[in-house]
Each structure stands twice: as C-alpha cells, then as structure tokens.
Amino acid sequence: MVLVNHQATGDVCTLMMCLQDKGTVVRHMMWLMDHIFKYTNFGIVSLIHGDFFIRQGRAHRDQQLVLLKEHLEKYYRSRNRKWIVLFPEGGFLRKRRETSQAFAKKNSLPFLKHVTLPRLGATQVILKTLVAQQENGTPAGGDAVIKESKSKGLQWVIDTTIAYPKGEPIDIQTWILGYRQPTVTHVHYRIFPIKDVPAEPEALTHWLYQRFIEKEDLLTHFYETGAFPPPQGQTKAISREMTLSNLWLVGIQSLAFLSGGMWYCIFQYFYHCLF
C-alpha cells in the first residue's frame, strides 16, 4: 500500500512517472482517486484498468467505503493486483489545510502547514480487505503462514512524500502544456512491514497521524534546505535521479493531446445534441 501526500492534480502524474522505471509495478497497481478524474480523458482508461473513483464529502463517506470494499473484493485479486495507491488526506492541501488545522487545535494535535491530518476510512477498509489475518486478529506478515491460496495480501506500506521546490505543486495542465520552467521534483520513500501497522482503529489512527507528522518534518527540512534530511547515522541523503526516454515522453504527450482533443469533440457533440 502506497501512502502519498496530496498537493495538486499533478501528484498523480509525478507518481506515475516514478513508477515507470520500476519494472512491471504499473501492471499490478490499483489507484484510488477523486471521482472527478472519471470525467477526464484518461478516466475511461482507469475504468478499464479497474481503479476506484471515490467521492469526497461527509454525505458520501459511509456509502463510498462500502463501495470501496466491494470493489476491492471484486477486482483486486481477480486482476492480480499487488499494489494500491492511496492519498489518505482525502483532498488537496490547499483545500483541506484550514479544516485540518481547526480539527487539530480542537483535539490538541500538532499544527501542520505542509500536510493535513489523514482520514482513517479508506486505509482501514484496505487493510481489513487486503491484509491476511491471523487468528488473534492482527495482520499477518513476515514469516507468518497464510492460508490464502491466490495471494498473501499486502505485505508492505510504502510511505511516499512528494516535495516541489518552494512548495509550488504542479497541476495536470502544466504537465500537458509545459508552460512552467523545468523543475526537479523530489520523492522520498520509507518502507514499513505490514505486521508493524496496527489493526485497531484507535491505534491505526495514531500510526497514520505519526506518519504525516513525520512528513511535515520532512517537508519543513526540504523547504529550508532544498533537500530531504539524511537517514539517521548518515550525513547526506542519497538520491537517485530518474530519467525517462525522450521518445517515450513525446509519445505520451502526443497521446494526451489527441485524447484531450477527442474528449473535447465528444463533449461538444453531446452538448449541441442536448441543447
């Protein structure tokens, strides 16, 4: 399970780029994304791929969690998925920051500026549905014997932090049209065995909060120094530059323009037919 902070629509593009040079990961991945993406030019691709579009807001929350559980049970193992991407904050930083800070103040929680406090619902559904359980109810991991024949379930949590220089995130329009100066996006990874993730709601909430408090510290250090802090015991963070084929990028951009144009034409056609 990949947990990612969420600043703008470009976070999805950034993560997709990161995953392109990691072998066959993208073939076995399921995404959880805002339902608005369903109506974009790549929405049909995501629908075919079996991704889940989630509606935000308190009015939809309970129903969406039920639908998410049903979706995971129907598609995750049947399509041989092994990775799932989740943005636990439940919205963009700029939209949720004020509400999150008010909630933190009311409940004596840390004041966060670069991330917001994560929501528990989707994370809990994913863990309950996709993590094999031992008899005592705790997640099975490590060397535990799992009776699941098709899949051992989730084994790791990859805590991912995306940082943009000066805290200025990139949206999808910028990715496609390229009207911003070239910039280097930094992505920080940490890995936790699933057996170290608590199953009980209260303990899981605390565990999730701690991860995002740590993200706050990581991003504060990044905005002050231009780099993530080094691991404990090291003097410098070791980074790996990711490069992609220019030919591949041109192909992807061309497809984006073509599909965007087709989507616009389809929209105009139905608009004129209806009105």
# chains A, B, ... in the order shown; residues from 1 in each chain; ligands from 1
>>> residues_around(residues="Ile172 in chain A", least_positions_apart="5", cutoff="10 Å", atoms="only C-alpha atoms", output="PDB file with C-alpha atoms, in the first residue's frame")
ATOM      1  CA  ALA A   8      -2.310  19.036  -6.609  1.00  0.00           C
ATOM      2  CA  THR A   9      -3.603  17.008  -9.568  1.00  0.00           C
ATOM      3  CA  GLY A  10      -0.014  16.698 -10.792  1.00  0.00           C
ATOM      4  CA  ASP A  11       0.794  14.390  -7.870  1.00  0.00           C
ATOM      5  CA  VAL A  12      -0.788  11.548  -9.857  1.00  0.00           C
ATOM      6  CA  CYS A  13       1.425  12.320 -12.854  1.00  0.00           C
ATOM      7  CA  THR A  14       4.506  12.574 -10.642  1.00  0.00           C
ATOM      8  CA  LEU A 177       1.065  22.245 -21.765  1.00  0.00           C
ATOM      9  CA  GLY A 178       4.532  22.721 -20.264  1.00  0.00           C
TER      10      GLY A 178
END
>>> residues_around(residues="Leu130 in chain A", least_positions_apart="6", cutoff="9 Å", atoms="only C-alpha atoms", output="tab-separated table (two decimals) with N, CA and C atoms, in the first residue's frame")
chain	number	residue	atom	x	y	z
A	72	LEU	N	-12.75	-3.74	-4.05
A	72	LEU	CA	-11.52	-4.48	-3.75
A	72	LEU	C	-11.75	-5.98	-3.81
A	73	GLU	N	-12.86	-6.42	-3.23
A	73	GLU	CA	-13.17	-7.85	-3.22
A	73	GLU	C	-13.41	-8.39	-4.63
A	76	TYR	N	-9.47	-6.64	-7.01
A	76	TYR	CA	-8.05	-6.58	-6.63
A	76	TYR	C	-7.32	-7.89	-6.91
A	77	ARG	N	-7.82	-8.99	-6.38
A	77	ARG	CA	-7.13	-10.27	-6.57
A	77	ARG	C	-7.48	-10.89	-7.93
A	152	LYS	N	-0.98	-13.54	-0.77
A	152	LYS	CA	-0.65	-13.39	0.64
A	152	LYS	C	-1.21	-12.08	1.21
A	153	GLY	N	-1.80	-11.28	0.36
A	153	GLY	CA	-2.30	-9.99	0.81
A	153	GLY	C	-1.18	-8.97	0.83
A	154	LEU	N	-1.50	-7.78	1.30
A	154	LEU	CA	-0.49	-6.72	1.38
A	154	LEU	C	0.60	-7.11	2.36
>>> select_by_dssp(residues="range 27-68 of chain A", states="strand (DSSP E or B)", output="number ranges by chain")
A: 29-34, 52-54
>>> closest_residue(among="A:Ala163, A:Val85, A:Leu15, A:Leu68", to="Lys215 in chain A", atoms="only C-alpha atoms")
A:Ala163
>>> residues_around(residues="Asp62 in chain A", least_positions_apart="6", cutoff="12 Å", atoms="only C-alpha atoms", output="list in words")
Ile54, Arg55, Gln56, Leu68, Lys69, Leu120, Gly121, Ala122 and Val125 of chain A
>>> write_last_selection(atoms="all heavy atoms", output="tab-separated table (two decimals), in the first residue's frame")
chain	number	residue	atom	x	y	z
A	54	ILE	N	-13.40	7.72	-5.91
A	54	ILE	CA	-14.06	7.94	-4.63
A	54	ILE	C	-14.60	9.36	-4.54
A	54	ILE	O	-13.94	10.33	-4.91
A	54	ILE	CB	-13.08	7.63	-3.47
A	54	ILE	CG1	-13.82	7.60	-2.13
A	54	ILE	CG2	-11.91	8.62	-3.43
A	54	ILE	CD1	-13.00	6.97	-1.01
A	55	ARG	N	-15.82	9.49	-4.08
A	55	ARG	CA	-16.45	10.80	-3.89
A	55	ARG	C	-16.10	11.33	-2.51
A	55	ARG	O	-16.21	10.62	-1.51
A	55	ARG	CB	-17.97	10.70	-4.04
A	55	ARG	CG	-18.44	10.35	-5.44
A	55	ARG	CD	-19.94	10.29	-5.51
A	55	ARG	NE	-20.52	11.60	-5.28
A	55	ARG	CZ	-20.79	12.48	-6.26
A	55	ARG	NH1	-20.51	12.16	-7.51
A	55	ARG	NH2	-21.34	13.64	-5.99
A	56	GLN	N	-15.70	12.59	-2.46
A	56	GLN	CA	-15.33	13.21	-1.20
A	56	GLN	C	-16.57	13.81	-0.52
A	56	GLN	O	-17.60	14.04	-1.16
A	56	GLN	CB	-14.28	14.30	-1.42
A	56	GLN	CG	-13.04	13.83	-2.17
A	56	GLN	CD	-12.23	12.81	-1.38
A	56	GLN	OE1	-12.37	12.68	-0.16
A	56	GLN	NE2	-11.37	12.08	-2.08
A	68	LEU	N	-16.05	0.84	-1.84
A	68	LEU	CA	-14.62	0.53	-1.94
A	68	LEU	C	-14.36	-0.91	-1.54
A	68	LEU	O	-13.61	-1.63	-2.24
A	68	LEU	CB	-13.81	1.48	-1.05
A	68	LEU	CG	-12.32	1.17	-0.91
A	68	LEU	CD1	-11.62	1.19	-2.26
A	68	LEU	CD2	-11.66	2.15	0.05
A	69	LYS	N	-14.96	-1.36	-0.45
A	69	LYS	CA	-14.77	-2.75	-0.01
A	69	LYS	C	-15.25	-3.72	-1.09
A	69	LYS	O	-14.56	-4.71	-1.40
A	69	LYS	CB	-15.52	-3.00	1.30
A	69	LYS	CG	-15.31	-4.38	1.90
A	69	LYS	CD	-16.02	-4.49	3.23
A	69	LYS	CE	-15.69	-5.82	3.91
A	69	LYS	NZ	-16.13	-6.99	3.13
A	120	LEU	N	-9.06	8.16	8.24
A	120	LEU	CA	-8.86	6.74	8.54
A	120	LEU	C	-9.60	5.80	7.59
A	120	LEU	O	-9.10	4.72	7.26
A	120	LEU	CB	-9.29	6.46	9.98
A	120	LEU	CG	-9.20	5.02	10.48
A	120	LEU	CD1	-7.75	4.56	10.54
A	120	LEU	CD2	-9.86	4.88	11.84
A	121	GLY	N	-10.79	6.20	7.13
A	121	GLY	CA	-11.74	5.29	6.49
A	121	GLY	C	-11.19	4.37	5.42
A	121	GLY	O	-11.23	3.15	5.54
A	122	ALA	N	-10.66	4.95	4.33
A	122	ALA	CA	-10.20	4.13	3.20
A	122	ALA	C	-9.03	3.24	3.59
A	122	ALA	O	-8.95	2.08	3.18
A	122	ALA	CB	-9.81	5.03	2.03
A	125	VAL	N	-10.37	0.23	5.48
A	125	VAL	CA	-11.04	-0.71	4.59
A	125	VAL	C	-10.03	-1.53	3.81
A	125	VAL	O	-10.15	-2.76	3.67
A	125	VAL	CB	-12.00	0.03	3.64
A	125	VAL	CG1	-12.50	-0.90	2.53
A	125	VAL	CG2	-13.17	0.61	4.40
>>> residues_around(residues="Asn80 in chain A", least_positions_apart="3", cutoff="10 Å", atoms="only C-alpha atoms", output="ChimeraX atom specification")
/A:27-30,75-77,83,150-151
>>> write_last_selection(atoms="all heavy atoms", output="CSV table (one decimal), in the first residue's frame")
chain,number,residue,atom,x,y,z
A,27,ARG,N,1.7,-2.6,-13.9
A,27,ARG,CA,0.7,-3.6,-14.4
A,27,ARG,C,-0.1,-4.2,-13.3
A,27,ARG,O,-1.1,-4.8,-13.5
A,27,ARG,CB,1.5,-4.7,-15.2
A,27,ARG,CG,2.3,-4.2,-16.3
A,27,ARG,CD,3.0,-5.4,-17.0
A,27,ARG,NE,4.0,-5.0,-18.0
A,27,ARG,CZ,4.8,-5.8,-18.6
A,27,ARG,NH1,4.7,-7.1,-18.4
A,27,ARG,NH2,5.7,-5.4,-19.4
A,28,HIS,N,0.4,-4.1,-12.1
A,28,HIS,CA,-0.2,-4.8,-10.9
A,28,HIS,C,-0.7,-3.7,-9.9
A,28,HIS,O,-0.9,-4.1,-8.7
A,28,HIS,CB,0.8,-5.7,-10.3
A,28,HIS,CG,1.3,-6.8,-11.1
A,28,HIS,ND1,0.6,-7.8,-11.6
A,28,HIS,CD2,2.5,-6.9,-11.8
A,28,HIS,CE1,1.3,-8.6,-12.4
A,28,HIS,NE2,2.5,-8.1,-12.5
A,29,MET,N,-1.0,-2.5,-10.3
A,29,MET,CA,-1.3,-1.5,-9.4
A,29,MET,C,-2.8,-1.0,-9.6
A,29,MET,O,-3.3,-1.0,-10.7
A,29,MET,CB,-0.4,-0.3,-9.7
A,29,MET,CG,-0.7,0.9,-8.8
A,29,MET,SD,0.7,2.1,-8.8
A,29,MET,CE,1.9,1.2,-7.7
A,30,MET,N,-3.4,-0.7,-8.4
A,30,MET,CA,-4.7,-0.1,-8.4
A,30,MET,C,-4.6,1.2,-7.8
A,30,MET,O,-4.0,1.4,-6.8
A,30,MET,CB,-5.7,-1.0,-7.6
A,30,MET,CG,-7.1,-0.5,-7.5
A,30,MET,SD,-8.3,-1.5,-6.6
A,30,MET,CE,-8.5,-2.8,-7.8
A,75,TYR,N,-12.3,-6.9,-7.7
A,75,TYR,CA,-11.3,-6.7,-8.7
A,75,TYR,C,-9.8,-6.9,-8.3
A,75,TYR,O,-9.0,-7.2,-9.1
A,75,TYR,CB,-11.4,-5.2,-9.3
A,75,TYR,CG,-12.7,-5.0,-10.0
A,75,TYR,CD1,-13.7,-4.2,-9.5
A,75,TYR,CD2,-12.9,-5.7,-11.2
A,75,TYR,CE1,-14.9,-4.0,-10.2
A,75,TYR,CE2,-14.1,-5.5,-11.9
A,75,TYR,CZ,-15.1,-4.6,-11.4
A,75,TYR,OH,-16.2,-4.4,-12.1
A,76,TYR,N,-9.5,-6.6,-7.0
A,76,TYR,CA,-8.0,-6.6,-6.6
A,76,TYR,C,-7.3,-7.9,-6.9
A,76,TYR,O,-6.3,-7.9,-7.6
A,76,TYR,CB,-7.9,-6.2,-5.2
A,76,TYR,CG,-6.5,-5.9,-4.8
A,76,TYR,CD1,-5.9,-4.6,-5.0
A,76,TYR,CD2,-5.7,-6.9,-4.2
A,76,TYR,CE1,-4.6,-4.3,-4.7
A,76,TYR,CE2,-4.3,-6.6,-3.9
A,76,TYR,CZ,-3.8,-5.3,-4.1
A,76,TYR,OH,-2.5,-5.0,-3.8
A,77,ARG,N,-7.8,-9.0,-6.4
A,77,ARG,CA,-7.1,-10.3,-6.6
A,77,ARG,C,-7.5,-10.9,-7.9
A,77,ARG,O,-6.6,-11.5,-8.5
A,77,ARG,CB,-7.5,-11.2,-5.4
A,77,ARG,CG,-6.8,-10.8,-4.1
A,77,ARG,CD,-7.0,-11.9,-3.0
A,77,ARG,NE,-6.3,-11.5,-1.8
A,77,ARG,CZ,-6.8,-10.8,-0.8
A,77,ARG,NH1,-8.1,-10.4,-0.9
A,77,ARG,NH2,-6.1,-10.6,0.3
A,83,TRP,N,-0.3,-3.9,-5.8
A,83,TRP,CA,0.0,-2.6,-5.2
A,83,TRP,C,-1.3,-1.8,-5.2
A,83,TRP,O,-2.2,-1.9,-6.1
A,83,TRP,CB,1.0,-1.8,-6.1
A,83,TRP,CG,2.4,-2.4,-6.1
A,83,TRP,CD1,2.7,-3.7,-6.6
A,83,TRP,CD2,3.6,-1.8,-5.8
A,83,TRP,NE1,4.0,-3.8,-6.5
A,83,TRP,CE2,4.6,-2.7,-6.0
A,83,TRP,CE3,3.9,-0.6,-5.2
A,83,TRP,CZ2,6.0,-2.4,-5.8
A,83,TRP,CZ3,5.2,-0.3,-5.0
A,83,TRP,CH2,6.2,-1.2,-5.2
A,150,LYS,N,-4.5,-17.6,-3.4
A,150,LYS,CA,-4.2,-16.8,-4.5
A,150,LYS,C,-3.2,-15.7,-4.2
A,150,LYS,O,-2.4,-15.3,-5.0
A,150,LYS,CB,-5.5,-16.1,-5.0
A,150,LYS,CG,-6.5,-17.1,-5.7
A,150,LYS,CD,-7.6,-16.4,-6.3
A,150,LYS,CE,-8.6,-17.3,-7.0
A,150,LYS,NZ,-9.8,-16.6,-7.6
A,151,SER,N,-3.3,-15.1,-3.0
A,151,SER,CA,-2.4,-14.0,-2.6
A,151,SER,C,-2.2,-14.0,-1.1
A,151,SER,O,-3.0,-14.4,-0.3
A,151,SER,CB,-3.1,-12.7,-3.0
A,151,SER,OG,-2.4,-11.6,-2.5
>>> select_by_dssp(residues="range 80-263 of chain A", states="alpha helix (DSSP H)", output="PyMOL selection string")
chain A and resi 93-106+121-130+172-177+201-225+246-263
>>> residues_around(residues="Phe192 in chain A", least_positions_apart="3", cutoff="9 Å", atoms="only C-alpha atoms", output="list in words")
Gln155, Trp156, Val157, Ile158, Asp159, Lys195, Asp196 and Val197 of chain A
>>> write_last_selection(atoms="C-alpha atoms", output="mmCIF file, in the first residue's frame")
data_model
loop_
_atom_site.group_PDB
_atom_site.id
_atom_site.type_symbol
_atom_site.label_atom_id
_atom_site.label_comp_id
_atom_site.auth_asym_id
_atom_site.auth_seq_id
_atom_site.Cartn_x
_atom_site.Cartn_y
_atom_site.Cartn_z
ATOM 1 C CA GLN A 155 2.996 -7.137 2.839
ATOM 2 C CA TRP A 156 4.379 -3.595 2.949
ATOM 3 C CA VAL A 157 3.389 0.033 3.387
ATOM 4 C CA ILE A 158 5.415 2.477 1.275
ATOM 5 C CA ASP A 159 5.218 5.916 2.863
ATOM 6 C CA LYS A 195 2.926 -6.519 10.531
ATOM 7 C CA ASP A 196 4.041 -3.242 12.162
ATOM 8 C CA VAL A 197 0.809 -1.481 11.183
#
>>> atom_distance(atom1="CA of Leu19 in chain A", atom2="CA of His6 in chain A")
16.8 Å
>>> atom_distance(atom1="CA of Arg97 in chain A", atom2="CA of Phe53 in chain A")
22.3 Å
>>> closest_residue(among="A:Gln210, A:Thr161, A:Ser254, A:Thr183", to="Pro110 in chain A", atoms="only C-alpha atoms")
A:Gln210
>>> closest_residue(among="A:Val66, A:Phe87, A:Asp21, A:Val115", to="Asp34 in chain A", atoms="only C-alpha atoms")
A:Phe87
>>> closest_residue(among="A:Gln101, A:Asn107, A:Gln63, A:Thr185", to="Arg240 in chain A", atoms="only C-alpha atoms")
A:Thr185
>>> residues_around(residues="Pro88 in chain A", least_positions_apart="4", cutoff="12 Å", atoms="only C-alpha atoms", output="ChimeraX atom specification")
/A:1-7,32-34,54,56,92-93,96,115-126,159-160,205,208-209,211-212
>>> write_last_selection(atoms="C-alpha atoms", output="PDB file, in the first residue's frame")
ATOM      1  CA  MET A   1       0.000   0.000   0.000  1.00  0.00           C
ATOM      2  CA  VAL A   2       1.457   3.314  -1.134  1.00  0.00           C
ATOM      3  CA  LEU A   3       0.520   6.295   1.087  1.00  0.00           C
ATOM      4  CA  VAL A   4       1.109   9.681  -0.556  1.00  0.00           C
ATOM      5  CA  ASN A   5       0.676  13.321   0.476  1.00  0.00           C
ATOM      6  CA  HIS A   6      -1.603  15.279  -1.849  1.00  0.00           C
ATOM      7  CA  GLN A   7      -0.937  18.833  -3.056  1.00  0.00           C
ATOM      8  CA  LEU A  32      -7.808   5.325  -5.574  1.00  0.00           C
ATOM      9  CA  MET A  33      -8.546   8.775  -6.988  1.00  0.00           C
ATOM     10  CA  ASP A  34     -11.128  11.523  -6.788  1.00  0.00           C
ATOM     11  CA  ILE A  54     -14.059   7.936  -4.629  1.00  0.00           C
ATOM     12  CA  GLN A  56     -15.333  13.214  -1.196  1.00  0.00           C
ATOM     13  CA  PHE A  92      -5.675  18.732  -1.885  1.00  0.00           C
ATOM     14  CA  LEU A  93      -3.553  20.513   0.720  1.00  0.00           C
ATOM     15  CA  ARG A  96      -8.101  20.844   3.453  1.00  0.00           C
ATOM     16  CA  VAL A 115       0.335  18.316   5.042  1.00  0.00           C
ATOM     17  CA  THR A 116      -3.065  17.721   6.631  1.00  0.00           C
ATOM     18  CA  LEU A 117      -4.176  15.115   9.125  1.00  0.00           C
ATOM     19  CA  PRO A 118      -5.088  11.917   7.245  1.00  0.00           C
ATOM     20  CA  ARG A 119      -8.506  10.290   7.309  1.00  0.00           C
ATOM     21  CA  LEU A 120      -8.855   6.738   8.537  1.00  0.00           C
ATOM     22  CA  GLY A 121     -11.739   5.290   6.493  1.00  0.00           C
ATOM     23  CA  ALA A 122     -10.205   4.134   3.203  1.00  0.00           C
ATOM     24  CA  THR A 123      -6.965   2.983   4.846  1.00  0.00           C
ATOM     25  CA  GLN A 124      -8.875   0.851   7.324  1.00  0.00           C
ATOM     26  CA  VAL A 125     -11.045  -0.711   4.594  1.00  0.00           C
ATOM     27  CA  ILE A 126      -7.962  -1.564   2.518  1.00  0.00           C
ATOM     28  CA  ASP A 159       5.218   5.916   2.863  1.00  0.00           C
ATOM     29  CA  THR A 160       5.785   8.365  -0.019  1.00  0.00           C
ATOM     30  CA  THR A 205      -5.320   6.468  13.622  1.00  0.00           C
ATOM     31  CA  LEU A 208      -1.285   7.326  10.466  1.00  0.00           C
ATOM     32  CA  TYR A 209      -1.065  10.658  12.278  1.00  0.00           C
ATOM     33  CA  ARG A 211       3.422   9.247   9.528  1.00  0.00           C
ATOM     34  CA  PHE A 212       2.019  12.614   8.463  1.00  0.00           C
TER      35      PHE A 212
END
>>> residues_around(residues="His35 in chain A", least_positions_apart="3", cutoff="12 Å", atoms="only C-alpha atoms", output="list in words")
Trp31, Leu32, Lys38, Tyr39, Thr40, Gly43, Ile44, Ser46, Leu47, Asp51, Phe52, Phe53, Ile54, Arg55, Gln56, Gly57, His60, Gln64, Gly90 and Gly91 of chain A
>>> atom_distance(atom1="CA of Ser100 in chain A", atom2="CA of His186 in chain A")
24.5 Å
